[in-house]
Amino acid sequence: MSKVRRYEVTAAGDFASVLAVLTDHLGLRLLSLDEGERSWLDTPTGTLERAETTLEFRRPTGDGTPSLTWASAGRVLVFDPCVSSTPPSSAADLPDASAFARLATLVDGGELVLGPTVNSQIAVLAYLDDEEKTTARVVFDRSETLDGAALPMMLEVLPLRGYEDEAAALEKSLKRSVALSVSPTSMKERALEGVRGERGASSGKDCAALVPTMSAARAWRAVFQTLTDSMTQSFSGVLSGNDPEDLHAFRVAVRRIRTILQDGDDVVDPESRDRFRHEYRWLGDVTTPTRDADVHLIEFPELAATLPPSRREDLASFNDVLLRHRADCHAAMVAELRSIRRAEFGTAWLAFLADDDAWTGCADLADEPVLRIVLRRIEKAHRQLVKNGRKISKKSPAIAMHELRKEGKRLRYLLECFALLFDEKALSVILHPLRDLQDVLGEFQDTEVQANALLELAGELVAADDHSALMAIGGVIEQLGVRGADARSSFSKTFGRFDDRKVQRAFDQLEPRKKKR
Amino acid sequence: MKVLATYNIKGGVGKTATAVNLAHVAAAHGNRVLVWDLDPQGAATFYFRVKPKVKGGGKAIVRGSLELGDAIKATDFDNLDLVPADFSYRHLDLWLDDAKKPLVRIRRALRQVSDEYDYVFLDCPPSISLTSESVFRAADALLVPTIPTTLSLRTYEQLDRFVEENPDMVRELKILGFFSMVDRHKRLHRRFMNELRTAHPEMLDATIPNSTDIERMGVHREPVGAYGKGSKPARAYEALWSEIQTRL
């Protein structure tokens, strides 16, 4: 069956102006234009989603008759006007037509629950050949949540069987005429994200639009797309170096992509996974010295404030050392970020995300429901974190703490990147103590790394015979040691709050319970 | 998957209109439907606005070197696909004759798409030949449009006799005759209909009227239900489809 190509319309302009481009400029024939409320329905266990079909109940604006549409891969399997003005709540409520017999069999007598509801304007257009035969359909969709929050405008190209070349030509023309970006998510998924908007916001901007029943490969791709958007947004700021927050955001996105790639075993194409893990590791490494230099500069005033006032003035020359060091690091990083390697890797990554074929049957678990896969990986990451955390004692080497921090990050990123899949309350119970634990482990590592870096940079002061500055730096490093020791001593208590029965129960409750509306 | 062939030894009785319109009705009811145009005139292909060009040719399908699925074109209607015909189909008999086990060739080709469709309509050329026999072997039912005139009745009875005399070839084949292009104002039509119903009570009750709405299919290049929804002929095809389903 021909695949549906989904795009987000990034062009400036409203629905009418984009529609005018499609009809007037590209010559597409408008087949229908509907406006009204629409809801997606499924069984409580997501049977229809798993069968890669959608069931939509539409209530048109005005006096129009409500309708029910069952579709698969953009093709309408059944369309029927409904007698009832309310959506069907079970197979028994489906329109009395033989056409719905197959759907009723799929639903298997069970209930139908209401998913997200939005207000939509939907235009269906046809791309015709010289016989005026439709060779592809275009669905142009503008929706907003019932609270009025606009969702991105979507455009779907539905190639008709036997006309794949014509559809490809249409896509080329569309891309030339309308600003589009490939969208891994459907309007249904966007709607779900929109309805859960508040929750999405609280889960962070790197939280992708996901539904529990979508395939693991599609979900992984959606997460990568979201993280790549984050990375792209901060890239120019990273190059300019004006705001350290840009580099921080960039590195967080890079680390998250690496983690999700690491946990993409049997979900992501193995060859691509290995290649991109290697490249993302390199990308992380080339940005580390600049980030460390940023941290020295950000934290230095606070550290200096711990010294007696007379000593603080001695640090002025060291501040210059830090500024020079940061400038050197930034220049070296920019050279790497502008290298051919980075350009080729960036292009390959975007092409990989855009290539539908690279995400279809690409690995053993690619078509499994994402929730099952993610929960399994979270369980593993959680078990490992708890096991190794319990082994940490006052005598454990620093490296053991550093390794534990990495394991904690892996778990946290899995939880945060796939946040929309989980029960909100359970997720909150887990994330709160996990973030506290990460803060403690982070403080321990940062103080150690910073102390070593400052010691190294202080070599310039030795060469310059700046003894007073050297003495002051010694005081700063001592303070860092105190902070590190504090972090270490608070580890046991903080870890205990995470390694707690209530948190364990929350892990068991991450799978959302189905609610009937 | 049920295979229904619109067939009559005689031409101009409404075979293609029947295949196209019933396929449209069946698809509108949510069935997955394929029309295979076997007629070199390519009228069904024309009605669906599909270009009369078969990638690799019908010969490749019959010989098995081209998968039937690769020749399928979607029509403008949901759930309704077409295998187009081109003029080379005039050699269909020769292709079959050259092939091993010619009678099972069409059935074998259809087996490749049996999971994809609920109904297949074979739009046959008017003749009784190797193609027809191959169609008889592939089909579950023959839909036989019959104009209530002397010649049509004669050909209907020829077909009936052929089926009776060749039980091995047709196996479980059902013959579903129905009156087509009926003009109830004509006394002769009414008389022949009565006579044939008496002689063949198994004939379907639904009739397709002689209507300019059906003739306009060539102008609109669409099934009658697409441009004349609710019209008399559109309702007649709905009723015919409904009755056919009870007989399958």
# chains A, B, ... in the order shown; residues from 1 in each chain; ligands from 1
call {"tool": "interface_residues", "arguments": {"of": "chain A", "to": "chain B", "cutoff": "7 Å", "atoms": "only C-alpha atoms", "output": "count of residues only"}}
result
12
call {"tool": "residues_around", "arguments": {"residues": "Asn21 in chain B", "least_positions_apart": "5", "cutoff": "7 Å", "atoms": "only C-alpha atoms", "output": "list in words"}}
result
Pro223, Val224 and Tyr237 of chain B
call {"tool": "write_last_selection", "arguments": {"atoms": "C-alpha atoms", "output": "compact mmCIF listing (two decimals), in the first residue's frame"}}
result
# COMPACT_ATOMS: atom_id res chain seq x y z
CA PRO B 223 -19.94 5.22 -12.42
CA VAL B 224 -23.54 6.38 -12.52
CA TYR B 237 -27.63 -1.06 -9.35
call {"tool": "select_by_dssp", "arguments": {"residues": "range 300-424 of chain A", "states": "helix (DSSP H, G or I)", "output": "NGL selection string"}}
result
:A and (300-304 or 309-337 or 340-354 or 356-359 or 370-391 or 398-417 or 419-421 or 424)
call {"tool": "write_last_selection", "arguments": {"atoms": "C-alpha atoms", "output": "mmCIF file, in the first residue's frame"}}
result
data_model
loop_
_atom_site.group_PDB
_atom_site.id
_atom_site.type_symbol
_atom_site.label_atom_id
_atom_site.label_comp_id
_atom_site.auth_asym_id
_atom_site.auth_seq_id
_atom_site.Cartn_x
_atom_site.Cartn_y
_atom_site.Cartn_z
ATOM 1 C CA PHE A 300 33.593 31.948 39.620
ATOM 2 C CA PRO A 301 31.981 35.038 41.192
ATOM 3 C CA GLU A 302 30.060 32.823 43.602
ATOM 4 C CA LEU A 303 33.201 30.873 44.495
ATOM 5 C CA ALA A 304 35.204 34.052 44.870
ATOM 6 C CA PRO A 309 37.241 40.357 50.798
ATOM 7 C CA SER A 310 40.984 41.036 50.777
ATOM 8 C CA ARG A 311 41.664 37.856 48.832
ATOM 9 C CA ARG A 312 38.929 38.447 46.228
ATOM 10 C CA GLU A 313 40.841 41.235 44.532
ATOM 11 C CA ASP A 314 43.758 38.871 43.998
ATOM 12 C CA LEU A 315 41.577 36.824 41.685
ATOM 13 C CA ALA A 316 41.186 39.571 39.067
ATOM 14 C CA SER A 317 44.107 38.293 37.008
ATOM 15 C CA PHE A 318 42.749 34.736 37.139
ATOM 16 C CA ASN A 319 39.428 35.928 35.753
ATOM 17 C CA ASP A 320 41.386 37.127 32.708
ATOM 18 C CA VAL A 321 42.928 33.646 32.425
ATOM 19 C CA LEU A 322 39.450 32.125 32.440
ATOM 20 C CA LEU A 323 38.187 34.535 29.763
ATOM 21 C CA ARG A 324 41.142 33.776 27.478
ATOM 22 C CA HIS A 325 40.720 30.060 28.047
ATOM 23 C CA ARG A 326 37.016 30.267 27.223
ATOM 24 C CA ALA A 327 37.723 32.212 24.022
ATOM 25 C CA ASP A 328 40.277 29.594 22.922
ATOM 26 C CA CYS A 329 37.891 26.733 23.651
ATOM 27 C CA HIS A 330 35.044 28.463 21.809
ATOM 28 C CA ALA A 331 37.193 29.120 18.726
ATOM 29 C CA ALA A 332 38.303 25.480 18.634
ATOM 30 C CA MET A 333 34.694 24.307 19.054
ATOM 31 C CA VAL A 334 33.377 26.576 16.298
ATOM 32 C CA ALA A 335 36.043 25.229 13.926
ATOM 33 C CA GLU A 336 34.813 21.682 14.638
ATOM 34 C CA LEU A 337 31.163 22.676 14.320
ATOM 35 C CA ILE A 340 32.995 19.036 6.823
ATOM 36 C CA ARG A 341 32.555 16.154 9.248
ATOM 37 C CA ARG A 342 29.871 18.041 11.193
ATOM 38 C CA ALA A 343 28.137 19.171 7.996
ATOM 39 C CA GLU A 344 28.071 15.668 6.509
ATOM 40 C CA PHE A 345 26.917 14.123 9.740
ATOM 41 C CA GLY A 346 24.175 16.756 10.177
ATOM 42 C CA THR A 347 22.916 16.222 6.637
ATOM 43 C CA ALA A 348 22.991 12.442 7.026
ATOM 44 C CA TRP A 349 21.086 12.657 10.304
ATOM 45 C CA LEU A 350 18.329 14.836 8.823
ATOM 46 C CA ALA A 351 18.094 12.549 5.790
ATOM 47 C CA PHE A 352 17.848 9.559 8.113
ATOM 48 C CA LEU A 353 14.968 11.184 10.014
ATOM 49 C CA ALA A 354 13.170 12.094 6.793
ATOM 50 C CA ASP A 356 10.345 6.700 5.793
ATOM 51 C CA ASP A 357 11.965 3.521 4.531
ATOM 52 C CA ALA A 358 14.698 3.751 7.173
ATOM 53 C CA TRP A 359 12.024 3.444 9.867
ATOM 54 C CA VAL A 370 6.269 1.894 22.013
ATOM 55 C CA LEU A 371 4.879 1.825 25.548
ATOM 56 C CA ARG A 372 5.818 -1.820 26.026
ATOM 57 C CA ILE A 373 9.360 -1.266 24.765
ATOM 58 C CA VAL A 374 9.988 1.929 26.723
ATOM 59 C CA LEU A 375 8.640 0.470 29.950
ATOM 60 C CA ARG A 376 10.956 -2.510 29.537
ATOM 61 C CA ARG A 377 13.968 -0.233 29.028
ATOM 62 C CA ILE A 378 12.989 1.992 31.924
ATOM 63 C CA GLU A 379 12.661 -1.051 34.152
ATOM 64 C CA LYS A 380 16.157 -2.150 33.177
ATOM 65 C CA ALA A 381 17.653 1.322 33.690
ATOM 66 C CA HIS A 382 15.882 1.664 37.045
ATOM 67 C CA ARG A 383 17.037 -1.754 38.245
ATOM 68 C CA GLN A 384 20.622 -0.942 37.317
ATOM 69 C CA LEU A 385 20.537 2.459 39.013
ATOM 70 C CA VAL A 386 19.126 1.034 42.233
ATOM 71 C CA LYS A 387 21.557 -1.903 42.244
ATOM 72 C CA ASN A 388 24.637 0.261 41.747
ATOM 73 C CA GLY A 389 23.365 3.060 43.998
ATOM 74 C CA ARG A 390 23.008 0.644 46.889
ATOM 75 C CA LYS A 391 26.645 -0.367 46.446
ATOM 76 C CA ALA A 398 34.668 8.955 42.716
ATOM 77 C CA ILE A 399 34.405 7.010 39.458
ATOM 78 C CA ALA A 400 31.589 4.909 40.952
ATOM 79 C CA MET A 401 29.622 8.116 41.634
ATOM 80 C CA HIS A 402 30.292 9.324 38.102
ATOM 81 C CA GLU A 403 29.064 6.063 36.610
ATOM 82 C CA LEU A 404 25.950 6.241 38.751
ATOM 83 C CA ARG A 405 25.302 9.760 37.488
ATOM 84 C CA LYS A 406 25.385 8.480 33.898
ATOM 85 C CA GLU A 407 22.926 5.721 34.743
ATOM 86 C CA GLY A 408 20.642 8.254 36.405
ATOM 87 C CA LYS A 409 20.787 10.472 33.332
ATOM 88 C CA ARG A 410 19.836 7.559 31.108
ATOM 89 C CA LEU A 411 16.781 6.810 33.240
ATOM 90 C CA ARG A 412 15.786 10.454 33.488
ATOM 91 C CA TYR A 413 16.046 11.029 29.740
ATOM 92 C CA LEU A 414 13.968 7.940 28.979
ATOM 93 C CA LEU A 415 11.290 9.179 31.365
ATOM 94 C CA GLU A 416 11.357 12.757 30.116
ATOM 95 C CA CYS A 417 11.627 12.127 26.381
ATOM 96 C CA ALA A 419 6.819 11.546 29.130
ATOM 97 C CA LEU A 420 3.522 11.742 27.246
ATOM 98 C CA LEU A 421 3.228 7.974 27.289
ATOM 99 C CA GLU A 424 1.248 11.861 34.895
#
call {"tool": "residues_around", "arguments": {"residues": "range 479-491 of chain A", "least_positions_apart": "5", "cutoff": "8 Å", "atoms": "only C-alpha atoms", "output": "list in words"}}
result
Leu303, Thr306, Lys394, Leu437, Val440, Leu441, Glu443, Phe444, Gln445, Thr447, Glu448, Gln450 and Ala451 of chain A
call {"tool": "closest_residue", "arguments": {"among": "B:Leu151, B:Arg137, B:Pro125, B:His185", "to": "Asp168 in chain B", "atoms": "only C-alpha atoms"}}
result
B:Arg137
call {"tool": "closest_residue", "arguments": {"among": "A:Ser143, A:Gly64, A:Phe100, A:Val178", "to": "Arg38 in chain A", "atoms": "only C-alpha atoms"}}
result
A:Ser143
call {"tool": "select_by_dssp", "arguments": {"residues": "range 1-245 of chain B", "states": "strand (DSSP E)", "output": "MDAnalysis selection string"}}
result
chainID B and resid 2:6 33:37 73:74 80:83 119:123 141:146 174:182 207:209
call {"tool": "atom_distance", "arguments": {"atom1": "CA of Ala51 in chain A", "atom2": "CA of Thr213 in chain A"}}
result
9.9 Å
call {"tool": "residues_around", "arguments": {"residues": "Ala236 in chain B", "least_positions_apart": "3", "cutoff": "6 Å", "atoms": "only C-alpha atoms", "output": "mmCIF file with C-alpha atoms, in the first residue's frame"}}
result
data_model
loop_
_atom_site.group_PDB
_atom_site.id
_atom_site.type_symbol
_atom_site.label_atom_id
_atom_site.label_comp_id
_atom_site.auth_asym_id
_atom_site.auth_seq_id
_atom_site.Cartn_x
_atom_site.Cartn_y
_atom_site.Cartn_z
ATOM 1 C CA ILE B 208 -31.478 -2.333 -14.943
ATOM 2 C CA PRO B 233 -30.337 3.592 -12.556
ATOM 3 C CA ALA B 239 -30.906 -3.198 -5.655
#
